[in-house]
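Note: the block below is structure-v3.cif and it holds mmCIF, N, CA and C atoms.
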data_my_file
#
loop_
_atom_site.group_PDB
_atom_site.id
_atom_site.type_symbol
_atom_site.label_atom_id
_atom_site.label_comp_id
_atom_site.auth_asym_id
_atom_site.auth_seq_id
_atom_site.Cartn_x
_atom_site.Cartn_y
_atom_site.Cartn_z
ATOM 1 N N MET U 29 -2.248 -27.953 -8.032
ATOM 2 C CA MET U 29 -2.888 -27.249 -9.141
ATOM 3 C C MET U 29 -3.435 -25.903 -8.649
ATOM 4 N N SER U 30 -3.155 -24.882 -9.368
ATOM 5 C CA SER U 30 -3.554 -23.532 -8.987
ATOM 6 C C SER U 30 -4.969 -23.229 -9.481
ATOM 7 N N SER U 31 -5.774 -22.644 -8.618
ATOM 8 C CA SER U 31 -7.132 -22.257 -8.974
ATOM 9 C C SER U 31 -7.102 -20.960 -9.772
ATOM 10 N N PRO U 32 -7.914 -20.828 -10.836
ATOM 11 C CA PRO U 32 -7.935 -19.582 -11.607
ATOM 12 C C PRO U 32 -8.522 -18.405 -10.813
ATOM 13 N N TYR U 33 -9.146 -18.695 -9.677
ATOM 14 C CA TYR U 33 -9.753 -17.635 -8.874
ATOM 15 C C TYR U 33 -8.910 -17.257 -7.666
ATOM 16 N N ALA U 34 -7.714 -17.813 -7.570
ATOM 17 C CA ALA U 34 -6.854 -17.527 -6.423
ATOM 18 C C ALA U 34 -6.189 -16.160 -6.605
ATOM 19 N N TYR U 35 -6.147 -15.415 -5.529
ATOM 20 C CA TYR U 35 -5.512 -14.101 -5.529
ATOM 21 C C TYR U 35 -4.375 -14.082 -4.523
ATOM 22 N N GLU U 36 -3.461 -13.146 -4.721
ATOM 23 C CA GLU U 36 -2.451 -12.873 -3.717
ATOM 24 C C GLU U 36 -2.590 -11.414 -3.318
ATOM 25 N N TYR U 37 -2.149 -11.122 -2.101
ATOM 26 C CA TYR U 37 -2.327 -9.785 -1.549
ATOM 27 C C TYR U 37 -1.005 -9.229 -1.058
ATOM 28 N N LYS U 38 -0.926 -7.910 -1.028
ATOM 29 C CA LYS U 38 0.261 -7.203 -0.563
ATOM 30 C C LYS U 38 -0.225 -5.994 0.226
ATOM 31 N N VAL U 39 0.342 -5.787 1.412
ATOM 32 C CA VAL U 39 -0.018 -4.634 2.241
ATOM 33 C C VAL U 39 1.208 -3.732 2.358
ATOM 34 N N VAL U 40 1.021 -2.458 2.042
ATOM 35 C CA VAL U 40 2.102 -1.475 2.059
ATOM 36 C C VAL U 40 1.712 -0.351 3.009
ATOM 37 N N SER U 41 2.623 0.020 3.906
ATOM 38 C CA SER U 41 2.330 1.154 4.787
ATOM 39 C C SER U 41 2.797 2.441 4.117
ATOM 40 N N PHE U 42 1.992 3.465 4.247
ATOM 41 C CA PHE U 42 2.292 4.775 3.674
ATOM 42 C C PHE U 42 2.126 5.783 4.792
ATOM 43 N N ARG U 43 3.212 6.487 5.105
ATOM 44 C CA ARG U 43 3.127 7.483 6.172
ATOM 45 C C ARG U 43 3.866 8.736 5.749
ATOM 46 N N GLU U 44 3.470 9.814 6.317
ATOM 47 C CA GLU U 44 4.113 11.089 6.051
ATOM 48 C C GLU U 44 5.075 11.406 7.179
ATOM 49 N N SER U 45 5.848 12.438 6.998
ATOM 50 C CA SER U 45 6.801 12.856 8.025
ATOM 51 C C SER U 45 6.046 13.355 9.256
ATOM 52 N N LEU U 46 6.771 13.491 10.332
ATOM 53 C CA LEU U 46 6.158 13.952 11.579
ATOM 54 C C LEU U 46 5.838 15.438 11.541
ATOM 55 N N ILE U 47 6.333 16.143 10.538
ATOM 56 C CA ILE U 47 6.112 17.585 10.438
ATOM 57 C C ILE U 47 4.969 17.853 9.463
ATOM 58 N N GLY U 48 3.934 18.484 9.953
ATOM 59 C CA GLY U 48 2.813 18.849 9.090
ATOM 60 C C GLY U 48 1.768 17.754 9.029
ATOM 61 N N ASP U 49 0.566 18.153 8.726
ATOM 62 C CA ASP U 49 -0.551 17.212 8.696
ATOM 63 C C ASP U 49 -0.958 16.820 7.281
ATOM 64 N N ALA U 50 -0.413 17.485 6.286
ATOM 65 C CA ALA U 50 -0.876 17.271 4.917
ATOM 66 C C ALA U 50 -0.358 15.953 4.345
ATOM 67 N N LEU U 51 -1.228 15.221 3.730
ATOM 68 C CA LEU U 51 -0.869 13.990 3.044
ATOM 69 C C LEU U 51 -0.430 14.367 1.634
ATOM 70 N N ASP U 52 0.712 13.886 1.220
ATOM 71 C CA ASP U 52 1.248 14.221 -0.095
ATOM 72 C C ASP U 52 0.584 13.339 -1.151
ATOM 73 N N SER U 53 -0.412 13.898 -1.841
ATOM 74 C CA SER U 53 -1.167 13.118 -2.825
ATOM 75 C C SER U 53 -0.304 12.706 -4.018
ATOM 76 N N ASP U 54 0.688 13.498 -4.369
ATOM 77 C CA ASP U 54 1.587 13.129 -5.472
ATOM 78 C C ASP U 54 2.393 11.879 -5.123
ATOM 79 N N LYS U 55 2.903 11.826 -3.880
ATOM 80 C CA LYS U 55 3.649 10.652 -3.428
ATOM 81 C C LYS U 55 2.757 9.420 -3.425
ATOM 82 N N LEU U 56 1.548 9.580 -2.919
ATOM 83 C CA LEU U 56 0.601 8.464 -2.867
ATOM 84 C C LEU U 56 0.286 7.971 -4.273
ATOM 85 N N GLU U 57 0.076 8.885 -5.188
ATOM 86 C CA GLU U 57 -0.210 8.531 -6.580
ATOM 87 C C GLU U 57 0.951 7.732 -7.182
ATOM 88 N N LYS U 58 2.179 8.137 -6.892
ATOM 89 C CA LYS U 58 3.355 7.422 -7.414
ATOM 90 C C LYS U 58 3.418 5.997 -6.869
ATOM 91 N N VAL U 59 3.119 5.836 -5.580
ATOM 92 C CA VAL U 59 3.122 4.499 -4.972
ATOM 93 C C VAL U 59 2.057 3.622 -5.632
ATOM 94 N N LEU U 60 0.869 4.173 -5.822
ATOM 95 C CA LEU U 60 -0.219 3.407 -6.450
ATOM 96 C C LEU U 60 0.138 3.012 -7.881
ATOM 97 N N ASN U 61 0.685 3.960 -8.650
ATOM 98 C CA ASN U 61 1.049 3.670 -10.042
ATOM 99 C C ASN U 61 2.194 2.667 -10.140
ATOM 100 N N LYS U 62 3.147 2.746 -9.214
ATOM 101 C CA LYS U 62 4.272 1.806 -9.206
ATOM 102 C C LYS U 62 3.767 0.371 -9.034
ATOM 103 N N HIS U 63 2.841 0.169 -8.111
ATOM 104 C CA HIS U 63 2.306 -1.168 -7.884
ATOM 105 C C HIS U 63 1.392 -1.613 -9.030
ATOM 106 N N ALA U 64 0.687 -0.676 -9.627
ATOM 107 C CA ALA U 64 -0.175 -1.009 -10.772
ATOM 108 C C ALA U 64 0.652 -1.510 -11.945
ATOM 109 N N GLU U 65 1.840 -0.948 -12.139
ATOM 110 C CA GLU U 65 2.733 -1.405 -13.212
ATOM 111 C C GLU U 65 3.116 -2.872 -13.039
ATOM 112 N N ASP U 66 3.136 -3.341 -11.783
ATOM 113 C CA ASP U 66 3.485 -4.727 -11.489
ATOM 114 C C ASP U 66 2.252 -5.629 -11.420
ATOM 115 N N GLY U 67 1.098 -5.096 -11.837
ATOM 116 C CA GLY U 67 -0.113 -5.905 -11.888
ATOM 117 C C GLY U 67 -0.967 -5.897 -10.632
ATOM 118 N N TRP U 68 -0.614 -5.071 -9.655
ATOM 119 C CA TRP U 68 -1.382 -4.999 -8.416
ATOM 120 C C TRP U 68 -2.523 -3.994 -8.561
ATOM 121 N N GLY U 69 -3.716 -4.372 -8.149
ATOM 122 C CA GLY U 69 -4.870 -3.482 -8.115
ATOM 123 C C GLY U 69 -5.159 -3.095 -6.679
ATOM 124 N N LEU U 70 -5.505 -1.848 -6.441
ATOM 125 C CA LEU U 70 -5.813 -1.381 -5.092
ATOM 126 C C LEU U 70 -7.109 -2.011 -4.616
ATOM 127 N N LYS U 71 -7.060 -2.670 -3.479
ATOM 128 C CA LYS U 71 -8.239 -3.323 -2.899
ATOM 129 C C LYS U 71 -8.853 -2.468 -1.800
ATOM 130 N N ALA U 72 -7.989 -1.856 -0.961
ATOM 131 C CA ALA U 72 -8.496 -1.054 0.159
ATOM 132 C C ALA U 72 -7.424 -0.086 0.648
ATOM 133 N N ILE U 73 -7.883 1.029 1.221
ATOM 134 C CA ILE U 73 -7.013 1.967 1.931
ATOM 135 C C ILE U 73 -7.583 2.093 3.339
ATOM 136 N N THR U 74 -6.731 1.865 4.338
ATOM 137 C CA THR U 74 -7.160 1.909 5.724
ATOM 138 C C THR U 74 -6.290 2.883 6.496
ATOM 139 N N SER U 75 -6.917 3.759 7.265
ATOM 140 C CA SER U 75 -6.180 4.667 8.128
ATOM 141 C C SER U 75 -5.719 3.878 9.352
ATOM 142 N N ALA U 76 -4.441 4.057 9.743
ATOM 143 C CA ALA U 76 -3.900 3.291 10.863
ATOM 144 C C ALA U 76 -2.701 4.006 11.451
ATOM 145 N N ASP U 77 -2.333 3.598 12.664
ATOM 146 C CA ASP U 77 -1.078 4.044 13.246
ATOM 147 C C ASP U 77 0.013 3.167 12.665
ATOM 148 N N VAL U 78 1.007 3.798 12.033
ATOM 149 C CA VAL U 78 2.082 3.077 11.369
ATOM 150 C C VAL U 78 3.361 3.313 12.152
ATOM 151 N N LYS U 79 4.052 2.245 12.486
ATOM 152 C CA LYS U 79 5.292 2.365 13.261
ATOM 153 C C LYS U 79 6.317 3.172 12.487
ATOM 154 N N GLY U 80 6.946 4.108 13.171
ATOM 155 C CA GLY U 80 7.992 4.924 12.567
ATOM 156 C C GLY U 80 9.307 4.166 12.508
ATOM 157 N N ARG U 81 10.282 4.732 11.858
ATOM 158 C CA ARG U 81 11.594 4.089 11.731
ATOM 159 C C ARG U 81 12.424 4.219 12.997
ATOM 160 N N ILE U 82 12.173 5.267 13.762
ATOM 161 C CA ILE U 82 12.971 5.523 14.957
ATOM 162 C C ILE U 82 12.047 5.586 16.167
ATOM 163 N N GLY U 83 12.384 4.874 17.196
ATOM 164 C CA GLY U 83 11.621 4.929 18.438
ATOM 165 C C GLY U 83 10.421 4.000 18.445
ATOM 166 N N PRO U 84 9.815 3.872 19.630
ATOM 167 C CA PRO U 84 8.713 2.924 19.800
ATOM 168 C C PRO U 84 7.352 3.443 19.350
ATOM 169 N N GLY U 85 7.221 4.735 19.138
ATOM 170 C CA GLY U 85 5.919 5.325 18.815
ATOM 171 C C GLY U 85 5.475 5.050 17.391
ATOM 172 N N ALA U 86 4.252 5.434 17.106
ATOM 173 C CA ALA U 86 3.699 5.276 15.768
ATOM 174 C C ALA U 86 3.168 6.619 15.299
ATOM 175 N N VAL U 87 3.054 6.771 13.993
ATOM 176 C CA VAL U 87 2.484 7.977 13.424
ATOM 177 C C VAL U 87 1.260 7.585 12.607
ATOM 178 N N GLU U 88 0.393 8.552 12.392
ATOM 179 C CA GLU U 88 -0.791 8.275 11.595
ATOM 180 C C GLU U 88 -0.385 8.038 10.150
ATOM 181 N N GLY U 89 -0.950 7.049 9.550
ATOM 182 C CA GLY U 89 -0.619 6.744 8.168
ATOM 183 C C GLY U 89 -1.714 5.929 7.522
ATOM 184 N N LEU U 90 -1.378 5.339 6.397
ATOM 185 C CA LEU U 90 -2.336 4.535 5.648
ATOM 186 C C LEU U 90 -1.756 3.153 5.401
ATOM 187 N N LEU U 91 -2.622 2.158 5.399
ATOM 188 C CA LEU U 91 -2.256 0.830 4.945
ATOM 189 C C LEU U 91 -2.932 0.634 3.597
ATOM 190 N N LEU U 92 -2.132 0.373 2.573
ATOM 191 C CA LEU U 92 -2.655 0.154 1.227
ATOM 192 C C LEU U 92 -2.666 -1.345 0.970
ATOM 193 N N THR U 93 -3.820 -1.908 0.660
ATOM 194 C CA THR U 93 -3.931 -3.334 0.386
ATOM 195 C C THR U 93 -4.132 -3.512 -1.114
ATOM 196 N N PHE U 94 -3.231 -4.296 -1.710
ATOM 197 C CA PHE U 94 -3.273 -4.552 -3.143
ATOM 198 C C PHE U 94 -3.628 -6.019 -3.389
ATOM 199 N N GLU U 95 -4.220 -6.273 -4.549
ATOM 200 C CA GLU U 95 -4.648 -7.622 -4.913
ATOM 201 C C GLU U 95 -4.290 -7.857 -6.377
ATOM 202 N N ARG U 96 -3.917 -9.102 -6.695
ATOM 203 C CA ARG U 96 -3.740 -9.494 -8.092
ATOM 204 C C ARG U 96 -3.935 -10.994 -8.186
ATOM 205 N N PRO U 97 -4.300 -11.472 -9.368
ATOM 206 C CA PRO U 97 -4.433 -12.925 -9.526
ATOM 207 C C PRO U 97 -3.090 -13.595 -9.255
ATOM 208 N N ARG U 98 -3.143 -14.718 -8.568
ATOM 209 C CA ARG U 98 -1.918 -15.471 -8.265
ATOM 210 C C ARG U 98 -1.272 -15.925 -9.558
ATOM 211 N N GLN U 99 0.026 -15.747 -9.633
ATOM 212 C CA GLN U 99 0.748 -16.082 -10.873
ATOM 213 C C GLN U 99 1.410 -17.440 -10.772
#
Please express the file's structure as structure tokens.
Amino acid sequence: MSSPYAYEYKVVSFRESLIGDALDSDKLEKVLNKHAEDGWGLKAITSADVKGRIGPGAVEGLLLTFERPRQ
């Protein structure tokens, strides 16, 4: 039996390219709105080193934690 207070969580990494320091707020807004359409609410944003697609190094990025009632 599922509890009405149970939540599920989703963590999404958001990183920018290696060129430039500016965070693209439009891109971030699109990611947030995309998840909101699926019923996810933003719980937290954490700055972190996010592994890149190529090579062993990491780049500075954000971890977005979303929450929604368990379905």
- Message: Please report the interatomic distance between atom N of U:Asp66 and atom N of U:Gly89 in Å with one decimal.
- Response: 24.1 Å
- Task: Can you turn the PyMOL selection byres ((chain U and resi 91) around 8) into a concrete residue list for this file, as a ChimeraX atom specification?
- Result: /U:38-43,72-78,88-90,92-94
- Task: Can you pull out every residue within 6 Å of U:Trp68, counting only C-alpha atoms, but drop anything in the same chain fewer than 3 positions away, and send it as a PyMOL selection string?
- Result: chain U and resi 63-64+94-96
- Message: Just the number, please: distance in Å from atom CA of U:Ala34 to atom CA of U:Lys58, one decimal.
- Response: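 Atom CA of U:Ala34 sits 27.0 Å away from atom CA of U:Lys58.
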- Message: Report, in Å to a single decimal, how far apart atom CA of U:Glu57 and atom C of U:Tyr37 are.
- Response: 18.6 Å
